[in-house]
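For reference, query08.txt is printed below; it contains compact mmCIF, C-alpha atoms.
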```txt
# COMPACT_ATOMS: atom_id res chain seq x y z
CA MET O 13 -25.87 46.82 -110.46
CA ASN O 14 -29.24 46.40 -108.87
CA SER O 15 -29.98 43.24 -110.76
CA ILE O 16 -26.69 41.71 -109.62
CA TRP O 17 -27.62 42.27 -106.00
CA GLN O 18 -31.09 40.92 -106.60
CA ARG O 19 -29.60 37.83 -108.15
CA ASN O 20 -27.20 37.37 -105.27
CA ILE O 21 -29.90 37.76 -102.67
CA ILE O 22 -32.25 35.34 -104.38
CA ARG O 23 -29.46 32.86 -105.00
CA GLY O 24 -28.31 33.17 -101.40
CA ALA O 25 -31.84 32.59 -100.14
CA ILE O 26 -32.27 29.49 -102.29
CA ILE O 27 -28.92 28.08 -101.22
CA LEU O 28 -29.73 28.72 -97.59
CA VAL O 29 -33.08 26.98 -97.95
CA ILE O 30 -31.40 23.97 -99.57
CA GLN O 31 -28.73 23.97 -96.88
CA LEU O 32 -30.99 24.38 -93.90
CA LEU O 33 -34.03 22.39 -94.89
CA LEU O 34 -32.49 19.67 -97.03
CA LEU O 35 -28.77 19.12 -96.55
CA LYS O 36 -28.95 19.54 -92.81
CA ARG O 37 -31.13 16.46 -92.62
CA ILE O 38 -28.78 14.28 -94.66
CA ASP O 39 -26.93 12.09 -92.26
CA ILE O 40 -24.44 9.65 -93.73
CA THR O 41 -23.27 7.21 -91.12
CA PHE O 42 -21.50 3.88 -91.49
CA GLY O 43 -20.94 2.64 -87.98
CA ASP O 44 -18.35 4.93 -86.46
CA PHE O 45 -17.92 6.77 -89.70
CA ASN O 46 -20.01 9.92 -89.49
CA TYR O 47 -17.67 12.48 -90.95
CA ILE O 48 -19.71 13.55 -93.94
CA HIS O 49 -21.75 16.72 -93.59
CA PHE O 50 -22.80 18.77 -96.59
CA THR O 51 -21.97 22.42 -96.22
CA ILE O 52 -22.65 24.39 -99.37
CA TYR O 53 -23.63 27.84 -98.16
CA PRO O 54 -20.04 29.22 -98.35
CA ILE O 55 -20.60 29.51 -102.11
CA ILE O 56 -22.84 32.49 -101.35
CA PHE O 57 -19.76 34.39 -100.19
CA ALA O 58 -17.69 33.06 -103.07
CA LEU O 59 -20.12 34.33 -105.66
CA LEU O 60 -20.58 37.81 -104.25
CA PRO O 61 -19.30 40.42 -106.71
CA TYR O 62 -15.60 41.16 -106.69
CA LYS O 63 -16.19 44.84 -106.07
CA THR O 64 -18.14 44.27 -102.89
CA ASN O 65 -16.78 46.49 -100.16
CA ARG O 66 -14.42 44.43 -98.04
CA THR O 67 -15.71 45.95 -94.84
CA ALA O 68 -19.33 45.42 -95.80
CA LEU O 69 -18.64 41.80 -96.67
CA ILE O 70 -17.87 40.91 -93.08
CA PRO O 71 -21.26 41.76 -91.53
CA ILE O 72 -22.89 39.90 -94.42
CA GLY O 73 -20.87 36.82 -93.56
CA PHE O 74 -21.67 37.19 -89.90
CA ALA O 75 -25.39 37.57 -90.56
CA ILE O 76 -25.61 34.56 -92.87
CA GLY O 77 -23.52 32.49 -90.50
CA LEU O 78 -25.83 33.45 -87.68
CA ILE O 79 -28.90 32.39 -89.65
CA VAL O 80 -27.28 29.00 -90.29
CA ASP O 81 -26.38 28.78 -86.62
CA LEU O 82 -29.95 29.31 -85.56
CA PHE O 83 -30.97 26.27 -87.55
CA TYR O 84 -27.99 24.17 -86.51
CA ASP O 85 -28.37 25.01 -82.82
CA SER O 86 -24.75 26.01 -82.62
CA LEU O 87 -24.91 29.73 -82.00
CA GLY O 88 -21.72 31.45 -83.14
CA VAL O 89 -19.86 28.55 -84.73
CA HIS O 90 -20.95 29.09 -88.32
CA ALA O 91 -20.95 32.84 -87.78
CA ALA O 92 -17.29 32.82 -86.75
CA ALA O 93 -16.25 30.64 -89.68
CA SER O 94 -18.26 32.70 -92.18
CA THR O 95 -16.91 35.96 -90.84
CA PHE O 96 -13.43 34.63 -91.23
CA ILE O 97 -13.74 33.52 -94.85
CA CYS O 98 -15.47 36.75 -95.79
CA TYR O 99 -12.46 38.56 -94.47
CA PHE O 100 -10.03 36.11 -96.00
CA ARG O 101 -11.68 35.99 -99.44
CA PHE O 102 -9.73 39.07 -100.47
CA TYR O 103 -6.37 37.36 -99.90
CA ILE O 104 -7.41 34.22 -101.74
CA LEU O 105 -8.54 36.32 -104.68
CA ASN O 106 -5.22 38.16 -104.66
CA LEU O 107 -3.39 34.88 -104.61
CA LEU O 108 -5.38 33.35 -107.46
CA SER O 109 -5.50 36.55 -109.49
CA PRO O 110 -5.69 35.62 -113.19
CA ALA O 111 -3.40 37.33 -115.73
CA GLU O 112 -6.15 39.57 -117.12
CA GLY O 113 -7.43 40.58 -113.68
CA TYR O 114 -10.90 40.11 -112.28
CA GLY O 115 -12.52 42.68 -114.46
CA LYS O 116 -15.56 44.23 -112.91
CA GLU O 117 -17.68 41.92 -110.90
CA HIS O 118 -18.30 38.34 -111.71
CA LEU O 119 -16.46 35.61 -109.89
CA THR O 120 -18.03 32.72 -111.72
CA ALA O 121 -16.84 29.63 -113.51
CA PHE O 122 -18.56 30.96 -116.59
CA ARG O 123 -16.32 34.03 -116.63
CA HIS O 124 -12.97 32.74 -115.34
CA GLY O 125 -13.08 29.08 -116.29
CA LEU O 126 -13.80 25.96 -114.30
CA PRO O 127 -10.22 25.26 -113.06
CA TRP O 128 -9.90 28.71 -111.56
CA PHE O 129 -13.30 28.51 -109.95
CA LEU O 130 -12.52 25.06 -108.59
CA SER O 131 -9.34 26.18 -106.87
CA TYR O 132 -10.95 29.37 -105.59
CA LEU O 133 -13.93 27.57 -104.16
CA SER O 134 -11.80 24.74 -102.74
CA ALA O 135 -9.60 27.14 -100.84
CA LEU O 136 -12.55 29.01 -99.43
CA LEU O 137 -14.50 25.90 -98.57
CA PHE O 138 -11.61 24.07 -96.99
CA ILE O 139 -10.70 26.98 -94.73
CA HIS O 140 -14.34 27.38 -93.81
CA LEU O 141 -14.80 23.73 -92.91
CA LEU O 142 -11.54 23.47 -91.01
CA LEU O 143 -12.46 26.48 -88.95
CA LEU O 144 -16.01 25.31 -88.53
CA TYR O 145 -15.12 21.91 -87.14
CA SER O 146 -12.32 23.29 -85.03
CA LEU O 147 -14.71 25.69 -83.40
CA GLU O 148 -17.31 22.99 -83.05
CA ALA O 149 -14.88 20.75 -81.19
CA PHE O 150 -13.28 23.81 -79.62
CA SER O 151 -10.23 21.92 -78.51
CA PHE O 152 -7.26 20.42 -80.32
CA VAL O 153 -7.70 17.33 -78.24
CA TYR O 154 -10.03 16.15 -81.01
CA PHE O 155 -7.50 16.89 -83.73
CA ASN O 156 -8.02 13.63 -85.65
CA GLU O 157 -11.75 14.02 -85.66
CA ILE O 158 -11.50 17.61 -86.87
CA ILE O 159 -9.22 16.65 -89.74
CA LEU O 160 -11.31 13.64 -90.81
CA ARG O 161 -14.53 15.62 -90.67
CA THR O 162 -12.99 18.49 -92.61
CA ILE O 163 -11.59 16.30 -95.37
CA PHE O 164 -14.64 14.11 -95.92
CA SER O 165 -17.11 16.95 -95.64
CA PHE O 166 -14.94 19.00 -97.96
CA ILE O 167 -14.97 16.34 -100.65
CA ALA O 168 -18.72 15.76 -100.33
CA SER O 169 -19.62 19.44 -100.27
CA LEU O 170 -17.31 20.31 -103.13
CA PHE O 171 -18.85 17.53 -105.20
CA VAL O 172 -22.33 18.96 -104.66
CA LEU O 173 -21.16 22.49 -105.39
CA MET O 174 -19.38 21.52 -108.60
CA LEU O 175 -22.42 19.57 -109.70
CA GLY O 176 -24.53 22.66 -109.13
CA THR O 177 -22.04 24.83 -110.96
CA LEU O 178 -21.98 22.50 -113.97
CA ILE O 179 -25.76 22.31 -114.08
CA PHE O 180 -26.61 25.99 -113.64
CA ASN O 181 -23.32 27.60 -114.67
CA PRO O 182 -24.37 31.13 -113.61
CA LYS O 183 -23.13 34.09 -115.57
CA TYR O 184 -23.19 36.44 -112.65
CA MET H 17 -6.91 63.13 -85.96
CA ARG H 18 -7.05 62.81 -89.71
CA ASN H 19 -4.33 60.20 -89.55
CA ILE H 20 -6.35 58.19 -87.12
CA PHE H 21 -9.33 58.27 -89.47
CA ASN H 22 -7.08 57.29 -92.35
CA LEU H 23 -5.77 54.44 -90.33
CA PHE H 24 -9.27 53.38 -89.49
CA PHE H 25 -10.43 53.46 -93.08
CA ARG H 26 -7.37 51.61 -94.20
CA TYR H 27 -7.84 48.79 -91.74
CA SER H 28 -11.57 49.02 -91.46
CA ALA H 29 -12.00 45.55 -92.92
CA PHE H 30 -9.67 44.09 -90.38
CA ILE H 31 -11.21 45.98 -87.49
CA VAL H 32 -14.73 44.99 -88.45
CA PHE H 33 -13.51 41.44 -88.94
CA VAL H 34 -12.01 41.33 -85.46
CA ILE H 35 -15.14 42.80 -83.90
CA PHE H 36 -17.43 40.28 -85.54
CA GLU H 37 -15.13 37.37 -84.76
CA ILE H 38 -15.13 38.37 -81.13
CA ILE H 39 -18.92 38.55 -81.14
CA ALA H 40 -19.08 35.12 -82.75
CA LEU H 41 -16.64 33.60 -80.28
CA TYR H 42 -18.55 35.19 -77.44
CA LEU H 43 -21.73 33.59 -78.75
CA ILE H 44 -20.00 30.24 -79.12
CA VAL H 45 -18.69 30.19 -75.59
CA ASN H 46 -21.83 31.52 -73.99
CA TYR H 47 -24.55 29.68 -75.83
CA ASN H 48 -23.04 26.28 -76.47
CA LYS H 49 -22.79 23.94 -73.58
CA SER H 50 -19.92 21.72 -74.66
CA GLN H 51 -17.79 24.62 -75.87
CA LYS H 52 -18.50 26.46 -72.67
CA GLU H 53 -17.38 23.50 -70.66
CA ILE H 54 -14.25 23.04 -72.73
CA TRP H 55 -13.46 26.70 -72.42
CA ALA H 56 -13.91 26.63 -68.69
CA HIS H 57 -11.99 23.40 -68.51
CA SER H 58 -9.01 24.48 -70.57
CA SER H 59 -8.78 27.83 -68.88
CA ASN H 60 -8.86 25.92 -65.64
CA LEU H 61 -6.07 23.73 -66.93
CA PHE H 62 -3.99 26.81 -67.60
CA THR H 63 -4.79 28.69 -64.43
CA GLY H 64 -4.71 25.42 -62.55
CA THR H 65 -1.04 24.88 -63.27
CA ILE H 66 -0.20 28.44 -62.26
CA ASN H 67 -2.29 28.11 -59.14
CA LYS H 68 -0.56 24.90 -58.29
CA TYR H 69 2.85 26.55 -58.40
CA VAL H 70 1.69 29.55 -56.43
CA GLN H 71 0.05 27.23 -53.95
CA GLY H 72 3.32 25.34 -53.68
CA VAL H 73 5.19 28.50 -52.74
CA GLU H 74 2.43 29.52 -50.37
CA ASP H 75 2.42 26.10 -48.78
CA PHE H 76 6.13 26.33 -48.21
CA PHE H 77 5.69 29.50 -46.20
CA ALA H 78 2.70 28.06 -44.43
CA LEU H 79 4.55 24.88 -43.47
CA GLN H 80 5.15 26.03 -39.95
CA ALA H 81 1.54 26.96 -39.34
CA THR H 82 0.35 23.73 -40.94
CA ASN H 83 2.74 21.77 -38.80
CA ASP H 84 1.56 23.47 -35.65
CA SER H 85 -2.08 22.83 -36.39
CA LEU H 86 -1.34 19.19 -37.21
CA LEU H 87 0.60 18.91 -34.01
CA ILE H 88 -2.35 20.16 -31.98
CA GLU H 89 -4.61 17.79 -33.83
CA ASN H 90 -2.27 14.91 -33.11
CA ALA H 91 -2.06 15.89 -29.48
CA ASN H 92 -5.83 15.82 -29.20
CA LEU H 93 -6.03 12.42 -30.82
CA LEU H 94 -3.28 11.01 -28.65
CA GLN H 95 -4.99 12.46 -25.61
CA THR H 96 -8.19 10.72 -26.59
CA ILE H 97 -6.36 7.43 -26.95
CA ILE H 98 -4.66 7.81 -23.59
CA ASP H 99 -7.87 8.76 -21.85
CA TYR H 100 -9.66 5.89 -23.49
CA ARG H 101 -7.03 3.44 -22.32
CA VAL H 102 -7.09 4.81 -18.81
CA THR H 103 -10.84 4.86 -18.48
CA SER H 104 -11.45 1.53 -20.15
CA LYS H 105 -8.95 -0.03 -17.77
CA ASP H 106 -9.70 1.72 -14.53
CA ASN H 107 -13.42 1.90 -14.92
CA ALA H 108 -14.12 -1.79 -15.28
CA PHE H 109 -16.81 -1.19 -12.68
CA GLN H 110 -17.87 1.99 -14.33
CA ASP H 111 -21.33 1.92 -12.88
CA TYR H 112 -19.92 2.15 -9.40
CA GLU H 113 -17.54 4.96 -10.07
CA ASP H 114 -18.17 8.53 -10.88
CA LYS H 115 -17.37 9.25 -14.47
CA ASP H 116 -15.57 12.50 -13.78
CA SER H 117 -12.27 10.70 -13.79
CA THR H 118 -12.06 10.96 -17.56
CA ASN H 119 -9.80 13.54 -19.08
CA ASN H 120 -7.03 12.90 -16.63
CA TYR H 121 -4.31 13.73 -19.07
CA THR H 122 -3.85 16.65 -21.40
CA LEU H 123 -1.09 16.90 -23.94
CA ILE H 124 0.88 20.04 -24.75
CA PRO H 125 2.48 19.82 -28.17
CA SER H 126 5.88 21.41 -28.52
CA ARG H 127 8.76 21.75 -30.92
CA ILE H 128 12.26 20.70 -29.92
CA CYS H 129 14.58 23.72 -29.92
CA SER H 130 17.81 21.87 -29.40
CA LYS H 131 19.08 18.54 -28.23
CA THR H 132 22.26 16.67 -27.59
CA LEU H 133 22.58 13.00 -28.34
CA ASN H 134 26.26 12.25 -28.32
CA LEU H 135 26.92 12.68 -24.60
CA ARG H 136 26.50 10.34 -21.72
CA ASN H 137 23.90 12.65 -20.20
CA ASN H 138 21.66 13.99 -22.90
CA TYR H 139 19.17 16.79 -22.55
CA LEU H 140 16.85 18.49 -24.92
CA THR H 141 15.25 21.91 -24.89
CA LEU H 142 11.63 22.49 -25.75
CA CYS H 143 10.42 25.75 -27.27
CA LYS H 144 7.62 26.01 -24.73
CA GLY H 145 7.78 26.71 -21.03
CA SER H 146 5.69 27.59 -18.03
CA SER H 147 3.65 30.05 -20.08
CA SER H 148 2.25 27.08 -22.00
CA GLY H 149 1.56 25.12 -18.86
CA ILE H 150 4.64 22.95 -18.71
CA GLU H 151 5.80 22.05 -15.21
CA VAL H 152 8.72 20.19 -13.74
CA GLY H 153 8.19 16.45 -13.61
CA MET H 154 5.91 16.13 -16.60
CA GLY H 155 6.61 13.34 -19.01
CA VAL H 156 7.47 13.94 -22.64
CA ILE H 157 6.31 11.49 -25.28
CA THR H 158 6.13 11.12 -29.03
CA PHE H 159 3.44 9.28 -30.91
CA ASN H 160 5.28 5.99 -30.65
CA GLY H 161 7.63 6.29 -27.73
CA ILE H 162 8.81 8.23 -24.76
CA VAL H 163 11.37 11.02 -24.74
CA GLY H 164 12.03 11.96 -21.15
CA ILE H 165 10.92 13.97 -18.15
CA VAL H 166 10.86 17.76 -17.79
CA LYS H 167 13.68 18.76 -15.49
CA SER H 168 13.52 22.53 -15.37
CA VAL H 169 11.22 25.16 -16.79
CA SER H 170 11.65 28.82 -17.68
CA LYS H 171 8.94 31.08 -19.04
CA ASN H 172 9.30 30.06 -22.66
CA TYR H 173 11.67 27.12 -22.57
CA SER H 174 12.01 23.90 -20.71
CA THR H 175 14.76 21.34 -20.34
CA VAL H 176 14.00 17.67 -20.65
CA LEU H 177 16.03 14.92 -19.13
CA MET H 178 15.97 12.41 -21.92
CA VAL H 179 15.75 8.69 -21.53
CA LEU H 180 19.18 8.76 -23.12
CA ASN H 181 20.66 9.96 -19.86
CA SER H 182 22.45 8.05 -17.13
CA GLU H 183 20.18 9.63 -14.52
CA SER H 184 17.00 8.59 -16.21
CA ARG H 185 14.97 5.77 -14.63
CA ILE H 186 11.57 5.09 -16.02
CA SER H 187 9.03 2.68 -14.66
CA ALA H 188 7.91 0.25 -17.33
CA LYS H 189 6.17 -3.06 -17.73
CA VAL H 190 6.08 -5.98 -20.10
CA ALA H 191 2.81 -5.86 -21.96
CA THR H 192 0.06 -8.32 -21.00
CA LYS H 193 2.21 -9.92 -18.29
CA ASN H 194 2.50 -6.81 -16.18
CA TYR H 195 6.01 -7.44 -14.88
CA ILE H 196 7.32 -4.14 -13.64
CA GLY H 197 10.85 -2.93 -14.13
CA ASN H 198 12.94 0.16 -14.56
CA LEU H 199 14.35 1.41 -17.82
CA VAL H 200 17.83 2.90 -18.00
CA TRP H 201 19.93 3.79 -20.96
CA SER H 202 22.59 1.37 -22.02
CA GLY H 203 24.85 4.31 -22.74
CA SER H 204 25.85 3.72 -26.33
CA ASP H 205 23.08 2.89 -28.75
CA LEU H 206 20.54 5.67 -29.21
CA ARG H 207 17.72 3.20 -29.61
CA GLU H 208 18.64 0.69 -26.93
CA LEU H 209 17.46 0.75 -23.31
CA ASN H 210 18.10 -1.74 -20.53
CA MET H 211 15.23 -2.90 -18.40
CA MET H 212 16.28 -3.84 -14.89
CA ASP H 213 14.56 -5.37 -11.88
CA VAL H 214 12.36 -7.86 -13.68
CA PRO H 215 12.41 -11.00 -11.51
CA LYS H 216 13.87 -14.08 -13.17
CA HIS H 217 10.81 -16.26 -12.70
CA SER H 218 8.86 -14.15 -15.17
CA GLU H 219 8.19 -15.45 -18.65
CA ILE H 220 9.61 -13.15 -21.22
CA ALA H 221 9.93 -13.63 -24.95
CA VAL H 222 11.84 -11.75 -27.59
CA GLY H 223 9.43 -9.33 -29.29
CA ASP H 224 7.31 -8.58 -26.23
CA SER H 225 6.14 -4.97 -26.07
CA ILE H 226 7.41 -2.75 -23.30
CA LEU H 227 4.93 -0.12 -22.11
CA THR H 228 4.96 2.53 -19.45
CA SER H 229 3.58 1.29 -16.19
CA GLY H 230 1.60 4.37 -15.27
CA TYR H 231 2.89 4.17 -11.72
CA SER H 232 4.82 7.39 -11.91
CA ILE H 233 3.20 10.79 -12.19
CA SER H 234 5.10 11.57 -15.37
CA PHE H 235 3.67 9.12 -17.88
CA PRO H 236 0.21 7.81 -18.50
CA PRO H 237 -0.05 4.04 -18.56
CA GLU H 238 0.35 1.93 -21.67
CA ILE H 239 2.47 4.27 -23.73
CA PHE H 240 4.43 2.11 -26.10
CA ILE H 241 8.20 2.29 -25.62
CA GLY H 242 9.75 -0.57 -27.56
CA VAL H 243 10.15 -4.32 -27.87
CA VAL H 244 12.33 -6.90 -26.15
CA GLU H 245 15.40 -7.50 -28.26
CA SER H 246 17.24 -9.97 -26.05
CA TYR H 247 17.46 -10.91 -22.38
CA THR H 248 20.07 -12.46 -20.08
CA ILE H 249 20.35 -13.36 -16.43
CA GLU H 250 23.70 -12.45 -15.02
CA GLY H 251 25.32 -14.95 -12.71
CA GLY H 252 24.13 -14.63 -9.12
CA SER H 253 21.42 -12.14 -10.02
CA ASN H 254 17.76 -12.57 -9.37
CA ASN H 255 16.73 -10.26 -12.16
CA TYR H 256 16.71 -10.26 -15.90
CA ASN H 257 18.75 -7.82 -17.89
CA ILE H 258 16.49 -7.08 -20.81
CA LYS H 259 17.61 -5.16 -23.85
CA VAL H 260 14.78 -3.04 -25.22
CA GLN H 261 14.77 -1.69 -28.75
CA MET H 262 13.00 1.67 -28.82
CA LYS H 263 10.61 2.28 -31.66
CA SER H 264 11.02 6.03 -31.89
CA ASP H 265 14.27 7.41 -33.20
CA LEU H 266 14.98 10.39 -31.00
CA SER H 267 17.67 11.73 -33.32
CA THR H 268 15.06 12.54 -35.98
CA THR H 269 12.25 13.59 -33.70
CA ASP H 270 11.26 17.24 -33.98
CA TYR H 271 7.91 17.43 -32.26
CA VAL H 272 6.95 16.00 -28.90
CA TYR H 273 4.00 16.07 -26.52
CA VAL H 274 4.32 17.04 -22.90
CA VAL H 275 1.97 15.04 -20.72
CA ASN H 276 0.08 17.04 -18.14
CA PHE H 277 -1.39 14.76 -15.51
CA LEU H 278 -4.18 16.74 -13.93
CA GLN H 279 -4.14 14.80 -10.69
CA ALA H 280 -0.37 14.87 -10.36
CA GLU H 281 -0.26 16.75 -7.07
CA GLU H 282 -2.78 14.52 -5.43
CA LYS H 283 -0.93 11.40 -6.52
CA GLU H 284 2.42 12.81 -5.50
CA GLU H 285 1.05 13.65 -2.08
CA ILE H 286 -0.21 10.19 -1.39
CA LEU H 287 2.94 8.58 -2.76
CA SER H 288 5.15 10.69 -0.49
CA GLU H 289 2.97 9.81 2.49
CA ASN H 290 3.78 6.19 1.96
CA GLU H 291 7.49 6.69 1.95
```

How would this structure read if it were set down as structure tokens?
Amino acid sequence: MNSIWQRNIIRGAIILVIQLLLLKRIDITFGDFNYIHFTIYPIIFALLPYKTNRTALIPIGFAIGLIVDLFYDSLGVHAAASTFICYFRFYILNLLSPAEGYGKEHLTAFRHGLPWFLSYLSALLFIHLLLLYSLEAFSFVYFNEIILRTIFSFIASLFVLMLGTLIFNPKY
Amino acid sequence: MRNIFNLFFRYSAFIVFVIFEIIALYLIVNYNKSQKEIWAHSSNLFTGTINKYVQGVEDFFALQATNDSLLIENANLLQTIIDYRVTSKDNAFQDYEDKDSTNNYTLIPSRICSKTLNLRNNYLTLCKGSSSGIEVGMGVITFNGIVGIVKSVSKNYSTVLMVLNSESRISAKVATKNYIGNLVWSGSDLRELNMMDVPKHSEIAVGDSILTSGYSISFPPEIFIGVVESYTIEGGSNNYNIKVQMKSDLSTTDYVYVVNFLQAEEKEEILSENE
């Protein structure tokens, strides 16, 4: 049990460092096209053990979101989106529940197969990004921009995440 | 009590979720400039529409008060114009005259309470009387025309003999040429007056402005009345018969100004001495 938490904390810290010190600086712009932003830290929430207390999950999401916010100078935006997916993770898991159940803890591609993990992560990531950019724009006046940003960032981020998953393929 | 705790434990995830979302949204709105502006803006949009409707209703009830204040404002402006005309004309040798002769006229704005227009002798009633300073003999004007002369006054009401009355005779002149004549009503058209007593040697053209002469104590000089529509000389007469088209439509007029000539008594005295 303890080792799982240690793993998660270390993994989360590494992902946050990559996100905040590396991916934040990547700016892909072609003229007016600046819709690609890499956002990989939601995988921290995705990989938390299945048995994590639902109520406890929410402050975790809020705290991590807040840390990201501090670096992105957008206090509250990432926190709100993270809080939401931490709450919503339960429903996605219910929806994608495999025939044999989730077993004890691990929500990894190694355990449940790549297709399942892909759909699980996609759902989580897409909701997170949609919410994130909606809150960033904070008005549906910018609807087109929100959608474009969400879709392109989603594809880019998912690509990075799947690459990472295929390379490391964590057991836990 | 136990049920409440059960409820809380059951929905604890949701409750905690809501709490943290609210905190996050609070942070967003309070610590991000653009979001703060959008929030303020869109809430203004929402409240703005409501406010607009409420303001509309409020304005409707305030119409009377607004009208009254506008009327007073108009009266002051008109007064300034009249005074300016009078002083700029009379005080051509201003240096040699004392300048206390300004402010000869004051205007008392009033609402029309009732009026008749379809008779041969038409009168109207003003909603103000002696308590507001109206006296018999004062002239009544609108912004672009004359209405009549006050005939009788009670405490809160006064009756005005309109220009649309067979008894009405108003001293007028043709602008720039200064030919003096008297205006009477033709008796049928609400906007048509006849100008009598203009000698036939005078040069008159269609479209000339007709102004008040300022010779009577009722009206200040140079109040616009109307324009010359047509003129004829009847056989054997020495005078023109000029048809004057009035600019103001008295049938739609609701607010008028009563002209208070401050030196009326003095002028009246000296006029009656001459007779």

For CA of Pro54 in chain O and CA of Ile54 in chain H, quote the distance in Å rounded to one decimal.
27.0 Å

Could you give me, as a tab-separated table, a per-residue list for chain H showing, wherever an atom lies at most 10 Å from an atom of chain O, the closest pair of atoms and their distance in Å to one decimal, using only C-alpha atoms and sorting by chain then residue number from low to high?
```
residue	atom	partner	partner_atom	distance
H:Phe25	CA	O:Thr67	CA	9.3
H:Tyr27	CA	O:Thr67	CA	8.9
H:Ser28	CA	O:Thr67	CA	6.2
H:Ala29	CA	O:Thr67	CA	4.2
H:Phe30	CA	O:Tyr99	CA	7.4
H:Ile31	CA	O:Thr67	CA	8.6
H:Val32	CA	O:Thr67	CA	6.5
H:Phe33	CA	O:Ile70	CA	6.0
H:Val34	CA	O:Phe96	CA	9.0
H:Ile35	CA	O:Ile70	CA	9.8
H:Phe36	CA	O:Phe74	CA	6.8
H:Glu37	CA	O:Ala92	CA	5.4
H:Ile38	CA	O:Ala92	CA	8.2
H:Ile39	CA	O:Gly88	CA	7.9
H:Ala40	CA	O:Gly88	CA	4.5
H:Leu41	CA	O:Gly88	CA	6.2
H:Tyr42	CA	O:Gly88	CA	7.5
H:Leu43	CA	O:Gly88	CA	4.9
H:Ile44	CA	O:Gly88	CA	4.5
H:Val45	CA	O:Gly88	CA	8.2
H:Asn46	CA	O:Leu87	CA	8.8
H:Tyr47	CA	O:Leu87	CA	6.2
H:Asn48	CA	O:Ser86	CA	6.4
H:Lys49	CA	O:Ser86	CA	9.5
H:Ser50	CA	O:Ala149	CA	8.3
H:Gln51	CA	O:Phe150	CA	5.9
H:Lys52	CA	O:Phe150	CA	9.1
H:Glu53	CA	O:Phe150	CA	9.9
H:Ile54	CA	O:Phe150	CA	7.0
H:Trp55	CA	O:Phe150	CA	7.8
H:Ser58	CA	O:Ser151	CA	8.4
```

Could you pull the residues within 9 Å of range 134-151 of chain H, counting only C-alpha atoms, minus those fewer than 2 positions along the same chain, as a ChimeraX atom specification?
/H:124-132,153-154,164,166-184,203-204,206,272,274-276

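Closest approach to Leu144 in chain O from the set O:Lys36, O:His49, O:Lys183, O:Lys63 is made by O:His49, with distances taken over all atoms listed in the file.
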